[in-house]
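**Q** My file is work11.pdb. It has PDB, C-alpha atoms:
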```
ATOM      1  CA  MET A   2       8.712  -5.470 -27.669
ATOM      2  CA  ILE A   3       6.050  -3.276 -26.150
ATOM      3  CA  GLN A   4       2.881  -2.142 -27.870
ATOM      4  CA  ILE A   5       0.566   0.195 -26.032
ATOM      5  CA  ALA A   6      -2.538   1.615 -27.648
ATOM      6  CA  PHE A   7      -5.500   2.629 -25.567
ATOM      7  CA  ASN A   8      -8.136   5.214 -25.071
ATOM      8  CA  THR A   9      -9.611   6.215 -21.772
ATOM      9  CA  SER A  10     -11.522   9.007 -20.110
ATOM     10  CA  PHE A  11      -9.701   9.353 -16.823
ATOM     11  CA  SER A  12     -11.840  11.783 -14.920
ATOM     12  CA  LYS A  13     -15.551  11.583 -14.323
ATOM     13  CA  LYS A  14     -15.750  15.281 -13.494
ATOM     14  CA  HIS A  15     -13.867  16.430 -16.577
ATOM     15  CA  SER A  16     -14.235  15.142 -20.088
ATOM     16  CA  PHE A  17     -10.485  14.680 -20.610
ATOM     17  CA  GLU A  18      -9.380  11.756 -22.654
ATOM     18  CA  LEU A  19      -6.059  10.006 -22.762
ATOM     19  CA  LYS A  20      -5.094   8.507 -26.058
ATOM     20  CA  VAL A  21      -1.849   6.557 -26.198
ATOM     21  CA  ASP A  22      -0.076   4.828 -29.044
ATOM     22  CA  ILE A  23       3.461   3.617 -28.393
ATOM     23  CA  HIS A  24       5.446   0.879 -30.136
ATOM     24  CA  LEU A  25       8.855  -0.060 -28.765
ATOM     25  CA  GLU A  26      11.017  -2.751 -30.323
ATOM     26  CA  ASN A  27      13.822  -2.671 -27.758
ATOM     27  CA  PRO A  28      14.098  -1.874 -24.053
ATOM     28  CA  ALA A  29      14.582   1.837 -23.504
ATOM     29  CA  ILE A  30      14.226   4.645 -21.029
ATOM     30  CA  ILE A  31      11.158   6.647 -21.961
ATOM     31  CA  GLY A  32      10.496  10.063 -20.471
ATOM     32  CA  ILE A  33       6.923  11.253 -20.024
ATOM     33  CA  ILE A  34       6.377  14.955 -19.543
ATOM     34  CA  GLY A  35       3.204  16.972 -19.281
ATOM     35  CA  ASP A  36       1.381  19.508 -17.151
ATOM     36  CA  SER A  37      -0.004  18.568 -13.762
ATOM     37  CA  GLY A  38      -3.248  16.668 -14.222
ATOM     38  CA  SER A  39      -2.515  15.847 -17.836
ATOM     39  CA  GLY A  40      -2.732  12.080 -17.261
ATOM     40  CA  LYS A  41       0.804  10.874 -16.551
ATOM     41  CA  THR A  42      -0.205   8.983 -13.407
ATOM     42  CA  THR A  43      -3.328   7.629 -15.125
ATOM     43  CA  PHE A  44      -1.094   6.322 -17.906
ATOM     44  CA  PHE A  45       1.053   4.520 -15.316
ATOM     45  CA  LYS A  46      -1.956   3.162 -13.466
ATOM     46  CA  ILE A  47      -3.309   1.714 -16.693
ATOM     47  CA  LEU A  48       0.027   0.100 -17.555
ATOM     48  CA  SER A  49       0.299  -1.416 -14.078
ATOM     49  CA  GLY A  50      -3.310  -2.638 -14.150
ATOM     50  CA  LEU A  51      -4.480  -0.546 -11.197
ATOM     51  CA  THR A  52      -6.936   1.147 -13.583
ATOM     52  CA  SER A  53      -8.431  -0.150 -16.796
ATOM     53  CA  PRO A  54      -8.754   1.915 -19.956
ATOM     54  CA  ASN A  55     -12.029   2.187 -21.878
ATOM     55  CA  SER A  56     -10.630   0.390 -24.879
ATOM     56  CA  GLY A  57      -7.378  -0.669 -26.499
ATOM     57  CA  ALA A  58      -4.588  -3.159 -26.019
ATOM     58  CA  ILE A  59      -1.344  -3.459 -24.077
ATOM     59  CA  LEU A  60       1.121  -6.038 -25.292
ATOM     60  CA  VAL A  61       4.404  -6.580 -23.426
ATOM     61  CA  ASN A  62       6.997  -9.022 -24.765
ATOM     62  CA  GLY A  63       4.326 -10.823 -26.773
ATOM     63  CA  LYS A  64       1.993 -11.236 -23.801
ATOM     64  CA  PRO A  65      -1.311  -9.393 -23.835
ATOM     65  CA  TRP A  66      -1.786  -7.572 -20.523
ATOM     66  CA  TYR A  67      -4.957  -5.891 -21.658
ATOM     67  CA  ASP A  68      -7.133  -6.315 -24.703
ATOM     68  CA  SER A  69     -10.638  -4.875 -24.721
ATOM     69  CA  LYS A  70     -11.652  -6.833 -27.836
ATOM     70  CA  GLN A  71     -10.567 -10.198 -26.451
ATOM     71  CA  LYS A  72     -11.666  -9.188 -22.941
ATOM     72  CA  ILE A  73      -8.203  -9.814 -21.487
ATOM     73  CA  ASN A  74      -7.184  -7.900 -18.390
ATOM     74  CA  ILE A  75      -4.261  -9.430 -16.514
ATOM     75  CA  LYS A  76      -4.332  -8.595 -12.802
ATOM     76  CA  THR A  77      -1.741  -6.176 -11.439
ATOM     77  CA  ASN A  78       0.056  -8.823  -9.376
ATOM     78  CA  LYS A  79       0.445 -11.038 -12.451
ATOM     79  CA  ARG A  80       2.050  -8.302 -14.571
ATOM     80  CA  SER A  81       5.833  -8.077 -14.608
ATOM     81  CA  CYS A  82       5.719  -4.425 -13.714
ATOM     82  CA  SER A  83       7.345  -2.263 -11.025
ATOM     83  CA  TYR A  84       5.820   1.037 -10.067
ATOM     84  CA  LEU A  85       7.239   3.882  -8.000
ATOM     85  CA  PHE A  86       4.194   5.836  -6.849
ATOM     86  CA  GLN A  87       4.269   9.626  -6.920
ATOM     87  CA  GLU A  88       3.762   9.757  -3.138
ATOM     88  CA  ALA A  89       6.563   7.237  -2.399
ATOM     89  CA  THR A  90       4.432   4.627  -0.662
ATOM     90  CA  LEU A  91       6.132   2.310   1.817
ATOM     91  CA  PHE A  92       4.769  -0.255   4.260
ATOM     92  CA  THR A  93       4.609   1.710   7.478
ATOM     93  CA  HIS A  94       4.850  -1.306   9.797
ATOM     94  CA  LEU A  95       8.059  -2.564   8.181
ATOM     95  CA  THR A  96      11.592  -1.203   8.455
ATOM     96  CA  VAL A  97      13.517  -0.099   5.354
ATOM     97  CA  LEU A  98      15.248  -3.488   5.246
ATOM     98  CA  GLN A  99      11.976  -5.384   5.683
ATOM     99  CA  ASN A 100      10.314  -3.254   2.980
ATOM    100  CA  ILE A 101      13.058  -4.205   0.511
ATOM    101  CA  LEU A 102      12.894  -7.879   1.489
ATOM    102  CA  PHE A 103       9.118  -7.847   1.089
ATOM    103  CA  ALA A 104       9.619  -6.627  -2.481
ATOM    104  CA  ASN A 105      12.225  -9.291  -3.235
ATOM    105  CA  ASN A 106      12.938 -11.902  -0.574
ATOM    106  CA  LEU A 107      15.649 -13.534  -2.685
ATOM    107  CA  LEU A 108      18.031 -10.629  -2.152
ATOM    108  CA  LEU A 109      21.122 -11.306  -0.071
ATOM    109  CA  GLN A 110      22.150  -8.965   2.731
ATOM    110  CA  GLN A 111      25.189  -7.875   0.708
ATOM    111  CA  GLU A 112      23.015  -7.020  -2.307
ATOM    112  CA  ILE A 113      20.629  -4.981  -0.144
ATOM    113  CA  ASP A 114      23.584  -3.108   1.335
ATOM    114  CA  GLU A 115      24.798  -2.352  -2.184
ATOM    115  CA  TRP A 116      21.427  -0.898  -3.153
ATOM    116  CA  LEU A 117      21.232   1.120   0.049
ATOM    117  CA  GLY A 118      24.847   2.226  -0.273
ATOM    118  CA  VAL A 119      24.359   3.678  -3.754
ATOM    119  CA  LEU A 120      21.621   5.974  -2.431
ATOM    120  CA  GLU A 121      23.296   6.626   0.957
ATOM    121  CA  LEU A 122      20.623   4.858   2.975
ATOM    122  CA  ILE A 123      22.633   2.287   4.956
ATOM    123  CA  PRO A 124      22.322   4.163   8.308
ATOM    124  CA  TYR A 125      18.536   4.092   7.927
ATOM    125  CA  LYS A 126      18.024   0.438   7.082
ATOM    126  CA  ASN A 127      16.532  -0.449  10.452
ATOM    127  CA  GLN A 128      14.312   2.621  10.667
ATOM    128  CA  TYR A 129      10.602   2.790   9.957
ATOM    129  CA  PRO A 130       9.242   4.966   7.115
ATOM    130  CA  ASN A 131       7.792   7.559   9.505
ATOM    131  CA  GLN A 132      11.318   8.119  10.867
ATOM    132  CA  LEU A 133      12.610   9.062   7.399
ATOM    133  CA  SER A 134      12.470  12.357   5.513
ATOM    134  CA  GLY A 135      10.449  12.696   2.294
ATOM    135  CA  GLY A 136      13.585  12.356   0.143
ATOM    136  CA  GLN A 137      14.752   9.270   2.025
ATOM    137  CA  GLN A 138      11.319   7.667   1.666
ATOM    138  CA  LYS A 139      11.406   8.409  -2.056
ATOM    139  CA  ARG A 140      14.809   6.744  -2.426
ATOM    140  CA  VAL A 141      13.712   3.654  -0.468
ATOM    141  CA  ALA A 142      10.579   3.434  -2.636
ATOM    142  CA  LEU A 143      12.811   3.704  -5.706
ATOM    143  CA  ILE A 144      14.964   0.800  -4.492
ATOM    144  CA  ILE A 145      11.809  -1.264  -3.924
ATOM    145  CA  SER A 146      10.692  -0.643  -7.498
ATOM    146  CA  LEU A 147      14.151  -1.464  -8.868
ATOM    147  CA  VAL A 148      14.850  -4.678  -6.924
ATOM    148  CA  GLN A 149      11.937  -6.430  -8.594
ATOM    149  CA  GLU A 150      13.071  -8.162 -11.753
ATOM    150  CA  SER A 151      10.306  -6.624 -13.876
ATOM    151  CA  CYS A 152      10.378  -6.051 -17.590
ATOM    152  CA  LEU A 153       8.489  -2.776 -17.239
ATOM    153  CA  VAL A 154       9.477  -0.172 -14.655
ATOM    154  CA  LEU A 155       7.246   2.839 -14.058
ATOM    155  CA  LEU A 156       8.746   5.719 -12.094
ATOM    156  CA  ASP A 157       6.369   8.532 -11.214
ATOM    157  CA  GLU A 158       8.312  11.673 -10.267
ATOM    158  CA  PRO A 159      11.448   9.887  -8.990
ATOM    159  CA  PHE A 160      13.352  13.176  -8.587
ATOM    160  CA  VAL A 161      10.826  14.958  -6.386
ATOM    161  CA  ALA A 162      12.003  15.877  -2.848
ATOM    162  CA  LEU A 163      15.654  15.277  -3.813
ATOM    163  CA  ASP A 164      18.492  17.783  -3.965
ATOM    164  CA  LYS A 165      20.678  18.124  -7.087
ATOM    165  CA  ASN A 166      23.270  15.558  -5.896
ATOM    166  CA  LYS A 167      20.649  12.975  -5.002
ATOM    167  CA  GLN A 168      18.844  13.593  -8.318
ATOM    168  CA  LYS A 169      22.086  12.783 -10.124
ATOM    169  CA  GLN A 170      22.602   9.655  -7.994
ATOM    170  CA  VAL A 171      19.076   8.481  -8.824
ATOM    171  CA  ALA A 172      19.536   9.251 -12.532
ATOM    172  CA  ASP A 173      22.831   7.335 -12.595
ATOM    173  CA  LEU A 174      21.256   4.388 -10.798
ATOM    174  CA  ILE A 175      18.320   4.252 -13.248
ATOM    175  CA  ARG A 176      20.726   4.352 -16.183
ATOM    176  CA  LYS A 177      22.882   1.595 -14.648
ATOM    177  CA  VAL A 178      19.923  -0.693 -13.909
ATOM    178  CA  CYS A 179      18.509  -0.197 -17.408
ATOM    179  CA  LYS A 180      21.849  -1.182 -18.941
ATOM    180  CA  GLU A 181      22.170  -4.293 -16.778
ATOM    181  CA  ARG A 182      18.618  -5.440 -17.267
ATOM    182  CA  SER A 183      16.601  -5.629 -20.457
ATOM    183  CA  ALA A 184      13.747  -3.640 -18.974
ATOM    184  CA  THR A 185      11.823  -0.699 -20.332
ATOM    185  CA  PHE A 186      11.613   2.311 -18.050
ATOM    186  CA  PHE A 187       8.887   4.930 -18.166
ATOM    187  CA  ILE A 188       9.773   8.009 -16.130
ATOM    188  CA  ALA A 189       7.216  10.750 -15.532
ATOM    189  CA  SER A 190       8.775  13.979 -14.354
ATOM    190  CA  HIS A 191       8.638  17.747 -14.552
ATOM    191  CA  GLN A 192      12.457  17.844 -14.580
ATOM    192  CA  THR A 193      12.688  17.998 -18.373
ATOM    193  CA  GLN A 194      16.417  18.772 -18.464
ATOM    194  CA  LEU A 195      17.284  15.852 -16.236
ATOM    195  CA  LEU A 196      14.976  13.580 -18.237
ATOM    196  CA  SER A 197      16.646  14.539 -21.495
ATOM    197  CA  THR A 198      20.018  13.396 -20.103
ATOM    198  CA  ILE A 199      18.865   9.880 -19.218
ATOM    199  CA  CYS A 200      15.966   9.132 -21.583
ATOM    200  CA  ASP A 201      16.238   7.612 -25.029
ATOM    201  CA  ILE A 202      12.913   9.131 -26.069
ATOM    202  CA  THR A 203      10.746  11.746 -24.399
ATOM    203  CA  TYR A 204       7.015  11.879 -24.975
ATOM    204  CA  GLU A 205       4.737  14.721 -24.051
ATOM    205  CA  ILE A 206       1.115  14.578 -23.001
ATOM    206  CA  LYS A 207      -0.774  17.681 -24.022
ATOM    207  CA  GLY A 208      -3.874  18.961 -25.699
ATOM    208  CA  GLY A 209      -7.582  18.694 -24.958
ATOM    209  CA  VAL A 210      -7.771  15.169 -26.280
ATOM    210  CA  LEU A 211      -4.599  13.865 -24.807
ATOM    211  CA  ASP A 212      -2.174  12.379 -27.212
ATOM    212  CA  ILE A 213       1.322  11.102 -26.583
ATOM    213  CA  LYS A 214       3.835  12.121 -29.183
ATOM    214  CA  PRO A 215       7.513  13.034 -29.277
ATOM    215  CA  PRO A 216       8.022  16.738 -28.566
ATOM    216  CA  CYS A 217       9.193  18.851 -31.453
TER     217      CYS A 217
ATOM    218  CA  MET B  29     -16.224  -6.924  17.126
ATOM    219  CA  VAL B  30     -17.318  -6.466  13.513
ATOM    220  CA  GLN B  31     -17.734  -2.680  13.608
ATOM    221  CA  PRO B  32     -14.250  -1.825  14.979
ATOM    222  CA  LEU B  33     -12.711  -4.303  12.524
ATOM    223  CA  LYS B  34     -14.648  -2.791   9.617
ATOM    224  CA  ASN B  35     -13.528   0.712  10.613
ATOM    225  CA  GLY B  36      -9.940  -0.457  11.032
ATOM    226  CA  PHE B  37      -9.798  -2.167   7.640
ATOM    227  CA  GLU B  38     -11.356   0.880   5.964
ATOM    228  CA  ASN B  39      -8.678   3.133   7.480
ATOM    229  CA  ILE B  40      -5.774   1.204   5.949
ATOM    230  CA  ASP B  41      -3.929   3.322   3.395
ATOM    231  CA  THR B  42      -5.103   1.969   0.025
ATOM    232  CA  SER B  43      -1.810   2.919  -1.606
ATOM    233  CA  MET B  44      -0.135   0.218   0.536
ATOM    234  CA  LEU B  45      -2.591  -2.309  -0.903
ATOM    235  CA  ASP B  46      -1.828  -1.044  -4.409
ATOM    236  CA  LEU B  47       1.889  -1.361  -3.696
ATOM    237  CA  ALA B  48       1.400  -4.968  -2.565
ATOM    238  CA  LYS B  49      -0.418  -5.683  -5.854
ATOM    239  CA  VAL B  50       2.379  -4.078  -7.864
ATOM    240  CA  LEU B  51       4.911  -6.175  -5.938
ATOM    241  CA  GLY B  52       3.057  -9.258  -7.184
ATOM    242  CA  LYS B  53       1.607 -10.278  -3.828
ATOM    243  CA  THR B  54      -1.565 -12.356  -3.681
ATOM    244  CA  LYS B  55      -4.665 -11.220  -1.777
ATOM    245  CA  TRP B  56      -3.907 -13.786   0.917
ATOM    246  CA  ILE B  57      -0.338 -12.522   1.482
ATOM    247  CA  THR B  58      -1.581  -8.919   1.422
ATOM    248  CA  PHE B  59      -4.155  -9.791   4.084
ATOM    249  CA  TRP B  60      -1.709 -11.521   6.438
ATOM    250  CA  LYS B  61       1.387  -9.398   5.866
ATOM    251  CA  ILE B  62      -0.140  -5.944   5.350
ATOM    252  CA  ILE B  63      -3.752  -5.716   6.520
ATOM    253  CA  ILE B  64      -3.483  -7.706   9.767
ATOM    254  CA  PRO B  65      -0.250  -6.065  11.048
ATOM    255  CA  ASN B  66      -1.717  -2.644  10.280
ATOM    256  CA  SER B  67      -4.928  -3.569  12.135
ATOM    257  CA  LYS B  68      -3.274  -4.795  15.346
ATOM    258  CA  ASN B  69      -4.710  -2.003  17.473
ATOM    259  CA  THR B  70      -8.113  -2.395  15.861
ATOM    260  CA  LEU B  71      -8.120  -6.140  16.553
ATOM    261  CA  LEU B  72      -7.104  -5.525  20.157
ATOM    262  CA  THR B  73      -9.769  -2.844  20.631
ATOM    263  CA  GLY B  74     -12.411  -5.136  19.104
ATOM    264  CA  ALA B  75     -11.388  -8.055  21.313
ATOM    265  CA  VAL B  76     -11.397  -5.927  24.482
ATOM    266  CA  LEU B  77     -14.797  -4.410  23.668
ATOM    267  CA  THR B  78     -16.225  -7.849  22.928
ATOM    268  CA  PHE B  79     -14.869  -9.122  26.250
ATOM    269  CA  ALA B  80     -16.385  -6.127  28.050
ATOM    270  CA  HIS B  81     -19.735  -6.763  26.391
ATOM    271  CA  THR B  82     -19.625 -10.483  27.224
ATOM    272  CA  LEU B  83     -18.696  -9.740  30.845
ATOM    273  CA  GLY B  84     -22.068  -8.169  31.507
ATOM    274  CA  GLU B  85     -24.039 -10.626  29.397
ATOM    275  CA  PHE B  86     -26.970 -12.128  31.310
ATOM    276  CA  GLY B  87     -29.915 -13.477  29.334
ATOM    277  CA  VAL B  88     -28.113 -15.584  26.724
ATOM    278  CA  VAL B  89     -25.692 -17.053  29.286
ATOM    279  CA  LEU B  90     -28.548 -17.993  31.627
ATOM    280  CA  MET B  91     -30.572 -19.477  28.779
ATOM    281  CA  ILE B  92     -27.781 -21.558  27.254
ATOM    282  CA  GLY B  93     -25.487 -22.322  30.185
ATOM    283  CA  GLY B  94     -27.903 -22.138  33.095
ATOM    284  CA  SER B  95     -26.586 -21.271  36.535
ATOM    285  CA  ILE B  96     -24.464 -24.211  37.695
ATOM    286  CA  PRO B  97     -22.148 -23.078  40.537
ATOM    287  CA  LYS B  98     -18.407 -23.213  39.605
ATOM    288  CA  GLU B  99     -19.337 -24.266  36.062
ATOM    289  CA  THR B 100     -21.628 -21.890  34.229
ATOM    290  CA  LYS B 101     -22.511 -19.303  36.842
ATOM    291  CA  VAL B 102     -21.079 -15.931  35.818
ATOM    292  CA  ALA B 103     -20.851 -12.694  37.807
ATOM    293  CA  SER B 104     -23.980 -11.096  36.316
ATOM    294  CA  ILE B 105     -26.067 -14.200  37.141
ATOM    295  CA  ALA B 106     -24.576 -14.325  40.646
ATOM    296  CA  ILE B 107     -25.582 -10.673  41.220
ATOM    297  CA  PHE B 108     -29.116 -11.493  40.049
ATOM    298  CA  GLU B 109     -29.343 -14.477  42.399
ATOM    299  CA  TYR B 110     -27.950 -12.572  45.407
ATOM    300  CA  VAL B 111     -30.454  -9.770  44.840
ATOM    301  CA  GLU B 112     -33.272 -12.345  44.564
ATOM    302  CA  THR B 113     -32.190 -13.874  47.918
ATOM    303  CA  LEU B 114     -31.839 -10.371  49.432
ATOM    304  CA  ASN B 115     -28.081 -10.875  49.986
ATOM    305  CA  PHE B 116     -27.285  -7.296  49.023
ATOM    306  CA  GLU B 117     -23.805  -7.302  50.552
ATOM    307  CA  ALA B 118     -22.566 -10.077  48.241
ATOM    308  CA  ALA B 119     -24.375  -8.461  45.271
ATOM    309  CA  HIS B 120     -22.623  -5.162  46.007
ATOM    310  CA  GLN B 121     -19.223  -6.866  46.176
ATOM    311  CA  TYR B 122     -19.756  -8.571  42.820
ATOM    312  CA  SER B 123     -21.033  -5.335  41.299
ATOM    313  CA  LEU B 124     -17.978  -3.448  42.552
ATOM    314  CA  ILE B 125     -15.643  -6.039  41.000
ATOM    315  CA  LEU B 126     -17.533  -5.859  37.672
ATOM    316  CA  LEU B 127     -17.442  -2.062  37.783
ATOM    317  CA  GLY B 128     -13.669  -2.121  38.403
ATOM    318  CA  ILE B 129     -13.049  -4.540  35.534
ATOM    319  CA  SER B 130     -15.298  -2.566  33.143
ATOM    320  CA  PHE B 131     -13.615   0.716  34.076
ATOM    321  CA  SER B 132     -10.143  -0.822  33.561
ATOM    322  CA  ILE B 133     -11.225  -2.087  30.129
ATOM    323  CA  LEU B 134     -12.486   1.364  29.147
ATOM    324  CA  ILE B 135      -9.141   2.890  30.181
ATOM    325  CA  LEU B 136      -7.317   0.185  28.180
ATOM    326  CA  VAL B 137      -9.418   0.889  25.040
ATOM    327  CA  GLN B 138      -8.821   4.616  25.454
ATOM    328  CA  TRP B 139      -5.060   4.039  25.831
ATOM    329  CA  ILE B 140      -4.965   1.856  22.693
ATOM    330  CA  THR B 141      -6.895   4.481  20.706
ATOM    331  CA  VAL B 142      -4.618   7.328  21.813
ATOM    332  CA  LYS B 143      -1.496   5.222  21.141
ATOM    333  CA  LYS B 144      -2.812   4.434  17.639
ATOM    334  CA  ARG B 145      -3.510   8.114  16.948
ATOM    335  CA  TYR B 146       0.029   9.152  17.937
ATOM    336  CA  SER B 147       1.694   6.299  16.077
ATOM    337  CA  LEU B 148       0.196   7.427  12.745
TER     338      LEU B 148
END
```
Before we go any further, please render this structure as structure tokens.
**A**
Amino acid sequence: MIQIAFNTSFSKKHSFELKVDIHLENPAIIGIIGDSGSGKTTFFKILSGLTSPNSGAILVNGKPWYDSKQKINIKTNKRSCSYLFQEATLFTHLTVLQNILFANNLLLQQEIDEWLGVLELIPYKNQYPNQLSGGQQKRVALIISLVQESCLVLLDEPFVALDKNKQKQVADLIRKVCKERSATFFIASHQTQLLSTICDITYEIKGGVLDIKPPC
Amino acid sequence: MVQPLKNGFENIDTSMLDLAKVLGKTKWITFWKIIIPNSKNTLLTGAVLTFAHTLGEFGVVLMIGGSIPKETKVASIAIFEYVETLNFEAAHQYSLILLGISFSILILVQWITVKKRYSL
């Protein structure tokens, strides 16, 4: 069960506010759509603990991750949360294989090959991030966020820099992982059609005072 | 040593540090596995510059270590003593060696900096 209700002003320059109220009983794939700068990444940063909201509470599987009234704010590294950053961050001094092992050092070689095989990355496993294209980096970053056994997975623009075939591969992989694992996925994307095919619910962020609600 | 290290640490991509947090890594692991490997060139530059600075050090070495031949006498003190005893030939030889070492160090620092710039 996930309960998220918070309020934050996410830009000092602009007086935008982000108001969120989500209650989920079961694991699901949630799509988040909205214009650029509407607060999708801020929403993810708050869930992951990289940013704190002004007030509210985040409860995941009965554990409070954040509660402004009780002054609880669990650190990012203590939250069971994976996060694919919009810019597909990787550790530049580590190879693809080492990056994946750094994320989960319990993985066996065969399991890593399976992950890499699904996204056609096996030939690149010993290469460094700066030797990869933007799309390849994005797919490696996606694997890193999926190999963690987290109960909350945040994917910020996972389909960016990918062609149609690769987008489908990524969508299929997300769907497969969600089925196998009782994890809740939040996917922020501008690809609304693609989102509608894999998401159980799609929320939209819009308006001056930002509010998340199912689109009509 | 402190200034190059400070600059090096400040130049580390903060999104890598955020990623380490999201991956559940402690500050200690992040420091050893992410910050230090990404600061290798900075550490090397700092060490080389510190060595270069120490090579020409005079006052502190003389005050603390004195000038005991084959024990605490360093090149800069030797140059001072040779000049005092008007042995300019030996002073020139020592100076030339110090100049060569200093110049080599400067080239090394420059090479490290250029290598770092192109490896980004």
**Q** Excluding same-chain residues fewer than 2 positions from Val89 (chain B), what lies within 10 Å of it counting only C-alpha atoms, as an NGL selection string?
**A** :B and (82 or 84-87 or 91-95 or 100-102 or 104-105)
**Q** Identify, on the basis of only C-alpha atoms, every residue whose closest approach to region 108-117 of chain A does not exceed 8 Å; exclude the query and any residue fewer than 5 positions from it along the same chain; express the result as a PyMOL selection string.
**A** chain A and resi 98+101-102+122-123+126+141+144
**Q** For Ser197 (chain A), which residue among A:Ile5, A:Ile33, A:Val171, A:Leu60 is the nearest when counting all atoms listed in the file?
**A**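 With all atoms listed in the file as the atom set, the closest residue is A:Ile33.
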**Q** Taking 6 positions as the minimum chain separation for residues in the same chain, which residues sit within 10 Å of Leu77 (chain B) when counting only C-alpha atoms? Answer as a PyMOL selection string.
**A** chain B and resi 29+32+71+83+130+133-134+136-137
**Q** Which residues match the PyMOL selection byres ((chain A and resi 63) around 9) in the file above, as an MDAnalysis selection string?
**A** chainID A and resid 2:4 60:62 64:65
**Q** Please report as a PyMOL selection string which residues of chain A come no farther than 7 Å from chain B, using only C-alpha atoms.
**A** chain A and resi 77-79+82-84+90-92+94+104
**Q** Quick one, how far is CA of His24 (chain A) from CA of Phe7 (chain A)?
**A**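 The value is 12.0 Å.
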**Q** Mind telling me what the PyMOL selection byres ((chain A and resi 172) around 10) catches here, as a VMD selection string?
**A** chain A and resid 159 to 160 166 to 171 173 to 177 195 to 196 198 to 200
**Q** On this structure, which residues satisfy the PyMOL selection byres ((chain A and resi 201) around 7), written as a ChimeraX atom specification?
**A** /A:29-31,199-200,202-203
**Q** Return as AutoDock Vina command-line options the centre and edge lengths, in Å with one decimal, of the box along x, y and z that encloses every atom of region 69-87 of chain B in the file, padded by 8 Å per side.
**A**
```
--center_x -17.3 --center_y -7.7 --center_z 23.7 --size_x 41.2 --size_y 27.5 --size_z 31.6
```
**Q** Between A:Leu19, A:Cys179, A:Leu85, A:Ile145, which has the minimum distance to Asn55 (chain A) (counting all atoms listed in the file)?
**A**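 Closest to Asn55 (chain A) of all the choices is A:Leu19.
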**Q** For CA of Arg182 (chain A) and CA of Asn105 (chain A), determine how far apart the two atoms are, in Å to one decimal place.
**A**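 Distance reported for this atom pair: 15.9 Å.
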**Q** Please indicate the distance in Å from CA of Ser67 (chain B) to CA of Lys34 (chain B), rounded to one decimal place.
**A**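 CA of Lys34 (chain B) lies 10.1 Å from CA of Ser67 (chain B).
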**Q** Take region 95-119 of chain B from the block and save it with C-alpha atoms, as an mmCIF file, in the first residue's frame.
**A**
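Heads up, here's the output in decode_28.cif:
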```cif
data_model
loop_
_atom_site.group_PDB
_atom_site.id
_atom_site.type_symbol
_atom_site.label_atom_id
_atom_site.label_comp_id
_atom_site.auth_asym_id
_atom_site.auth_seq_id
_atom_site.Cartn_x
_atom_site.Cartn_y
_atom_site.Cartn_z
ATOM 1 C CA SER B 95 71.562 20.708 8.235
ATOM 2 C CA ILE B 96 73.087 17.326 9.089
ATOM 3 C CA PRO B 97 74.986 15.970 6.042
ATOM 4 C CA LYS B 98 73.433 12.757 4.579
ATOM 5 C CA GLU B 99 70.586 12.994 7.102
ATOM 6 C CA THR B 100 68.625 16.219 7.012
ATOM 7 C CA LYS B 101 70.507 18.342 4.513
ATOM 8 C CA VAL B 102 68.306 18.968 1.474
ATOM 9 C CA ALA B 103 69.202 20.513 -1.888
ATOM 10 C CA SER B 104 67.945 24.019 -1.055
ATOM 11 C CA ILE B 105 70.008 24.091 2.171
ATOM 12 C CA ALA B 106 73.048 22.745 0.309
ATOM 13 C CA ILE B 107 72.735 25.562 -2.269
ATOM 14 C CA PHE B 108 72.548 28.099 0.570
ATOM 15 C CA GLU B 109 75.651 26.661 2.235
ATOM 16 C CA TYR B 110 77.663 26.498 -1.012
ATOM 17 C CA VAL B 111 76.809 30.123 -1.767
ATOM 18 C CA GLU B 112 77.826 31.104 1.789
ATOM 19 C CA THR B 113 81.206 29.343 1.297
ATOM 20 C CA LEU B 114 81.557 30.931 -2.173
ATOM 21 C CA ASN B 115 81.501 27.494 -3.864
ATOM 22 C CA PHE B 116 79.420 28.767 -6.767
ATOM 23 C CA GLU B 117 80.190 25.825 -9.048
ATOM 24 C CA ALA B 118 78.578 23.298 -6.684
ATOM 25 C CA ALA B 119 75.674 25.714 -6.024
#
```
